[in-house]
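*Asks:* This is structure_10.txt, which holds compact mmCIF, C-alpha atoms:
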```
# COMPACT_ATOMS: atom_id res chain seq x y z
CA MET A 1 63.44 -59.77 95.26
CA ALA A 2 64.94 -63.30 95.21
CA ASN A 3 66.03 -62.81 91.59
CA SER A 4 67.79 -59.57 92.56
CA ASN A 5 69.73 -61.36 95.33
CA ARG A 6 70.60 -64.15 92.91
CA THR A 7 71.95 -61.60 90.38
CA THR A 8 73.93 -59.77 93.07
CA THR A 9 75.46 -63.04 94.28
CA PHE A 10 76.28 -64.10 90.72
CA CYS A 11 77.96 -60.73 90.07
CA GLY A 12 79.96 -61.16 93.28
CA TRP A 13 81.28 -64.52 92.11
CA LEU A 14 82.14 -63.04 88.71
CA GLY A 15 83.89 -60.21 90.57
CA LEU A 16 86.01 -62.75 92.44
CA SER A 17 86.95 -64.37 89.12
CA GLY A 18 87.84 -60.95 87.74
CA LEU A 19 89.98 -60.17 90.78
CA ILE A 20 91.88 -63.44 90.34
CA LEU A 21 92.38 -62.65 86.66
CA LEU A 22 93.72 -59.16 87.48
CA MET A 23 96.03 -60.39 90.26
CA ASP A 24 97.34 -63.14 87.99
CA GLN A 25 98.05 -60.76 85.10
CA ALA A 26 99.59 -58.13 87.39
CA SER A 27 101.95 -60.69 88.92
CA LYS A 28 102.97 -61.98 85.48
CA CYS A 29 103.60 -58.44 84.22
CA ALA A 30 105.73 -57.73 87.30
CA VAL A 31 107.80 -60.85 86.65
CA GLU A 32 108.23 -59.99 82.96
CA ARG A 33 109.35 -56.45 83.79
CA THR A 34 111.72 -57.23 86.64
CA ILE A 35 113.19 -60.67 85.96
CA GLU A 36 115.02 -61.69 82.81
CA TYR A 37 113.77 -64.81 81.07
CA ALA A 38 115.12 -67.97 82.79
CA GLU A 39 116.54 -65.88 85.68
CA ARG A 40 116.01 -67.24 89.19
CA VAL A 41 115.63 -65.05 92.28
CA GLU A 42 115.93 -66.91 95.57
CA ILE A 43 113.27 -65.87 98.10
CA ASN A 44 114.01 -68.46 100.79
CA SER A 45 115.16 -72.08 101.15
CA VAL A 46 112.06 -73.50 99.41
CA LEU A 47 110.89 -70.75 97.03
CA ASN A 48 112.43 -69.04 94.03
CA ILE A 49 110.83 -66.61 91.64
CA VAL A 50 111.74 -67.56 88.07
CA HIS A 51 110.68 -66.30 84.66
CA ARG A 52 109.51 -69.18 82.50
CA MET A 53 107.20 -69.50 79.51
CA ASN A 54 105.09 -72.64 79.20
CA PRO A 55 103.46 -73.29 75.80
CA GLY A 56 101.79 -76.42 77.21
CA ALA A 57 99.46 -77.19 80.07
CA ALA A 58 100.16 -78.27 83.65
CA PHE A 59 103.57 -79.89 84.07
CA SER A 60 104.38 -78.69 80.50
CA LEU A 61 102.01 -81.26 79.01
CA LEU A 62 102.12 -80.87 75.19
CA ALA A 63 104.76 -78.13 75.46
CA ASP A 64 106.63 -79.57 72.47
CA ALA A 65 103.53 -80.25 70.34
CA GLY A 66 104.46 -77.82 67.59
CA GLY A 67 102.15 -74.86 68.24
CA TRP A 68 98.65 -76.27 67.70
CA GLN A 69 98.27 -76.73 71.47
CA ARG A 70 98.05 -72.96 71.96
CA TYR A 71 94.78 -72.81 70.03
CA PHE A 72 93.52 -76.04 71.57
CA PHE A 73 94.05 -74.66 75.10
CA ILE A 74 92.46 -71.32 74.15
CA ALA A 75 89.39 -73.16 72.84
CA LEU A 76 89.31 -75.43 75.88
CA ALA A 77 89.58 -72.52 78.32
CA SER A 78 86.88 -70.63 76.41
CA GLY A 79 84.49 -73.59 76.53
CA VAL A 80 85.18 -74.32 80.18
CA SER A 81 84.74 -70.62 81.04
CA VAL A 82 81.35 -70.44 79.32
CA TRP A 83 80.26 -73.60 81.15
CA LEU A 84 81.49 -72.23 84.49
CA VAL A 85 79.64 -68.93 84.03
CA TRP A 86 76.46 -70.81 83.07
CA THR A 87 76.84 -73.14 86.08
CA MET A 88 77.48 -70.24 88.47
CA ARG A 89 74.39 -68.50 87.06
CA GLN A 90 72.31 -71.51 88.13
CA CYS A 91 73.06 -70.42 91.70
CA PRO A 92 74.83 -73.47 93.13
CA ASN A 93 75.62 -73.50 96.82
CA ARG A 94 78.28 -71.08 98.06
CA LEU A 95 81.05 -73.69 98.20
CA GLU A 96 80.45 -74.73 94.59
CA ALA A 97 80.15 -71.13 93.44
CA ALA A 98 83.43 -70.23 95.17
CA SER A 99 85.22 -73.18 93.56
CA TYR A 100 83.82 -72.39 90.10
CA SER A 101 84.79 -68.75 90.54
CA LEU A 102 88.40 -69.66 91.40
CA VAL A 103 88.67 -72.06 88.45
CA LEU A 104 87.13 -69.46 86.11
CA GLY A 105 89.56 -66.72 87.18
CA GLY A 106 92.52 -69.06 86.76
CA ALA A 107 91.36 -70.40 83.40
CA LEU A 108 90.88 -66.86 82.10
CA GLY A 109 94.29 -65.78 83.44
CA ASN A 110 96.11 -68.52 81.56
CA MET A 111 93.93 -68.03 78.47
CA VAL A 112 94.87 -64.34 78.34
CA ASP A 113 98.54 -65.40 78.37
CA ARG A 114 98.02 -67.77 75.47
CA VAL A 115 96.18 -65.13 73.44
CA TRP A 116 98.57 -62.20 74.16
CA ARG A 117 101.89 -63.91 74.81
CA GLY A 118 101.58 -67.22 72.98
CA SER A 119 102.56 -69.09 76.18
CA VAL A 120 101.75 -69.02 79.87
CA VAL A 121 104.09 -67.11 82.20
CA ASP A 122 105.12 -69.28 85.16
CA PHE A 123 107.19 -67.95 88.04
CA LEU A 124 106.61 -69.77 91.34
CA ASP A 125 109.41 -72.32 91.79
CA PHE A 126 109.06 -74.43 94.94
CA HIS A 127 111.90 -76.79 95.69
CA TRP A 128 113.56 -78.95 98.29
CA SER A 129 117.29 -79.21 97.94
CA ASN A 130 117.82 -79.82 94.21
CA SER A 131 114.33 -81.23 93.55
CA HIS A 132 112.07 -78.64 91.94
CA TRP A 133 108.30 -78.75 91.47
CA PRO A 134 107.39 -77.50 87.99
CA ALA A 135 107.05 -73.70 88.01
CA PHE A 136 103.48 -72.37 88.13
CA ASN A 137 101.58 -69.10 88.61
CA LEU A 138 98.64 -67.55 90.49
CA ALA A 139 96.13 -68.73 87.87
CA ASP A 140 97.30 -72.32 88.37
CA THR A 141 97.04 -71.85 92.13
CA ALA A 142 93.45 -70.58 91.87
CA ILE A 143 92.49 -73.53 89.64
CA PHE A 144 94.08 -76.00 92.05
CA ILE A 145 92.38 -74.50 95.11
CA GLY A 146 89.03 -74.32 93.30
CA VAL A 147 89.21 -77.99 92.27
CA CYS A 148 90.24 -79.00 95.81
CA ILE A 149 87.27 -77.12 97.28
CA LEU A 150 84.95 -78.82 94.79
CA ILE A 151 86.35 -82.28 95.61
CA VAL A 152 86.14 -81.74 99.37
CA GLY A 153 82.59 -80.42 99.02
CA THR A 154 81.57 -83.41 96.91
CA ILE A 155 83.11 -85.89 99.35
CA GLY A 156 81.46 -84.06 102.25
CA ARG A 157 78.05 -84.30 100.57
CA ARG A 158 78.50 -88.01 99.90
CA ASN A 159 79.36 -88.63 103.54
CA ASP A 160 76.42 -86.53 104.78
CA PRO A 161 73.59 -88.81 105.96
CA ALA A 162 71.09 -86.09 105.04
CA HIS A 163 72.26 -86.20 101.40
CA ASP A 164 69.86 -88.15 99.17
CA GLY A 165 72.46 -89.68 97.02
```
Just give me the structure of the file as structure tokens.

*Replies:*
Amino acid sequence: MANSNRTTTFCGWLGLSGLILLMDQASKCAVERTIEYAERVEINSVLNIVHRMNPGAAFSLLADAGGWQRYFFIALASGVSVWLVWTMRQCPNRLEAASYSLVLGGALGNMVDRVWRGSVVDFLDFHWSNSHWPAFNLADTAIFIGVCILIVGTIGRRNDPAHDG
């Protein structure tokens, strides 16, 4: 019975990753279909929706590397995804599983872009006055939130007197 619950829980976490992947891809398709490349649509005083393509990683790291980075990031996302699925299968606590699930969904979302589009579609443009944060997407957001949850959980465990060490 315990193994059945473990499998159900694992499938639930994979389902969350799949939902993030689907939401990410749907949002990117909507941007591609409704906003011309490089066009900016003002939503409010701090948010624009833009249509950008990023061949690099976060903050356009390696964007001008000549093309090899696409395959490097596909391989990296594939390896990280396999590791995340294996780790989630080990039945970590709920906080860890949630964070791994978010990171997995985001990694897969950006990997799909690299495979199908050659670059990652970015569209969320937060700004203050004329200072803009680099554009990002829902996959990036899921990865960021997942890593934050993991860090907070790790710090919380370290500060817990009941934690062995």

*Asks:* For a quick check of understanding, using only C-alpha atoms, which of A:Ile35, A:Val41, A:Ile20, A:Leu150 has the smallest distance to Asn93 (chain A)?

*Replies:* A:Leu150

*Asks:* Is it possible to get the residues within 10 Å of (87.7, -70.6, 79.1) (coordinates as in the file, counting all atoms listed in the file) written as a PyMOL selection string?

*Replies:* chain A and resi 73-85+103-112

*Asks:* Take CA of Thr87 (chain A) and CA of Thr8 (chain A) and report the distance between them in Å, one decimal.

*Replies:*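 These two atoms are separated by 15.4 Å.
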
*Asks:* Just to confirm, what's the straight-line distance from CA of Val115 (chain A) to CA of Met53 (chain A) in Å (one decimal)?

*Replies:*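 Pair CA of Val115 (chain A) / CA of Met53 (chain A) returns 13.3 Å.
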
*Asks:* Rank nothing, just name the residue among A:Val147, A:Ala57, A:Leu47, A:Val121 nearest to Ala30 (chain A), using only C-alpha atoms.

*Replies:*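 Answer, going by the shortest atom-to-atom distance: A:Val121.
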
*Asks:* Would you work out the distance separating CA of Tyr71 (chain A) from CA of Arg89 (chain A), expressed in Å to one decimal?

*Replies:* 26.9 Å

*Asks:* Give me, as a PyMOL selection string, all polymer residues having an atom no more than 7 Å from Ser101 (chain A), counting all atoms listed in the file and skipping those fewer than 2 positions away in the same chain.

*Replies:* chain A and resi 13-14+16-17+97-99+103-105

*Asks:* Choose the residue, out of A:Arg33, A:His51, A:Lys28, A:Arg117, that has the smallest atom-to-atom separation from Ala135 (chain A); count all atoms listed in the file.

*Replies:*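 For Ala135 (chain A), the nearest of the candidates is A:His51.
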
*Asks:* Ranking A:Gly12, A:Ser119, A:Leu124, A:Asn159 by minimum distance to Thr141 (chain A) and counting only C-alpha atoms, which one comes first?

*Replies:*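 Going through A:Gly12, A:Ser119, A:Leu124, A:Asn159 one by one, the smallest distance to Thr141 (chain A) is for A:Leu124.
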
*Asks:* With all atoms listed in the file as the basis for distance, which of A:Asp24, A:Thr9, A:Asn48, A:Thr34 is at the shortest distance from Trp133 (chain A)?

*Replies:*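 Nearest to Trp133 (chain A): A:Asn48.
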
*Asks:* Return region 7-18 of chain A, completed with all heavy atoms, as a compact mmCIF listing (two decimals), in the coordinates of the input.

*Replies:*
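The resulting file, part-v8.txt, is shown below:
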```txt
# COMPACT_ATOMS: atom_id res chain seq x y z
N THR A 7 71.11 -62.36 91.31
CA THR A 7 71.95 -61.60 90.38
C THR A 7 73.12 -60.96 91.11
O THR A 7 74.26 -60.98 90.62
CB THR A 7 71.11 -60.54 89.65
OG1 THR A 7 70.06 -61.19 88.94
CG2 THR A 7 71.95 -59.73 88.70
N THR A 8 72.87 -60.40 92.28
CA THR A 8 73.93 -59.77 93.07
C THR A 8 74.99 -60.81 93.46
O THR A 8 76.19 -60.55 93.35
CB THR A 8 73.34 -59.11 94.33
OG1 THR A 8 72.38 -58.14 93.91
CG2 THR A 8 74.42 -58.46 95.17
N THR A 9 74.53 -61.97 93.90
CA THR A 9 75.46 -63.04 94.28
C THR A 9 76.28 -63.50 93.08
O THR A 9 77.49 -63.66 93.17
CB THR A 9 74.69 -64.22 94.89
OG1 THR A 9 73.96 -63.74 96.02
CG2 THR A 9 75.62 -65.33 95.33
N PHE A 10 75.61 -63.69 91.95
CA PHE A 10 76.28 -64.10 90.72
C PHE A 10 77.34 -63.07 90.33
O PHE A 10 78.47 -63.43 90.00
CB PHE A 10 75.25 -64.28 89.60
CG PHE A 10 75.85 -64.53 88.25
CD1 PHE A 10 76.53 -65.71 87.97
CD2 PHE A 10 75.71 -63.59 87.24
CE1 PHE A 10 77.07 -65.94 86.73
CE2 PHE A 10 76.26 -63.81 85.98
CZ PHE A 10 76.93 -64.99 85.72
N CYS A 11 76.99 -61.79 90.40
CA CYS A 11 77.96 -60.73 90.07
C CYS A 11 79.13 -60.73 91.05
O CYS A 11 80.27 -60.47 90.65
CB CYS A 11 77.26 -59.37 90.07
SG CYS A 11 76.14 -59.16 88.67
N GLY A 12 78.88 -61.05 92.30
CA GLY A 12 79.96 -61.16 93.28
C GLY A 12 80.94 -62.27 92.92
O GLY A 12 82.16 -62.10 93.01
N TRP A 13 80.40 -63.40 92.50
CA TRP A 13 81.28 -64.52 92.11
C TRP A 13 82.06 -64.16 90.85
O TRP A 13 83.24 -64.48 90.73
CB TRP A 13 80.48 -65.81 91.92
CG TRP A 13 79.90 -66.33 93.20
CD1 TRP A 13 78.59 -66.58 93.46
CD2 TRP A 13 80.60 -66.65 94.41
NE1 TRP A 13 78.44 -67.03 94.75
CE2 TRP A 13 79.65 -67.09 95.35
CE3 TRP A 13 81.94 -66.60 94.79
CZ2 TRP A 13 80.00 -67.48 96.65
CZ3 TRP A 13 82.29 -66.99 96.08
CH2 TRP A 13 81.33 -67.42 96.99
N LEU A 14 81.41 -63.49 89.91
CA LEU A 14 82.14 -63.04 88.71
C LEU A 14 83.21 -62.03 89.10
O LEU A 14 84.30 -62.02 88.52
CB LEU A 14 81.18 -62.42 87.70
CG LEU A 14 80.30 -63.38 86.91
CD1 LEU A 14 79.42 -62.61 85.94
CD2 LEU A 14 81.12 -64.43 86.18
N GLY A 15 82.90 -61.18 90.08
CA GLY A 15 83.89 -60.21 90.57
C GLY A 15 85.11 -60.90 91.15
O GLY A 15 86.24 -60.46 90.94
N LEU A 16 84.89 -61.99 91.89
CA LEU A 16 86.01 -62.75 92.44
C LEU A 16 86.86 -63.32 91.31
O LEU A 16 88.09 -63.25 91.35
CB LEU A 16 85.51 -63.87 93.37
CG LEU A 16 86.59 -64.79 93.94
CD1 LEU A 16 87.62 -64.02 94.75
CD2 LEU A 16 85.93 -65.90 94.78
N SER A 17 86.21 -63.85 90.28
CA SER A 17 86.95 -64.37 89.12
C SER A 17 87.77 -63.26 88.46
O SER A 17 88.93 -63.46 88.09
CB SER A 17 85.99 -64.97 88.09
OG SER A 17 85.32 -66.08 88.60
N GLY A 18 87.14 -62.08 88.33
CA GLY A 18 87.84 -60.95 87.74
C GLY A 18 89.03 -60.51 88.57
O GLY A 18 90.09 -60.16 88.03
```
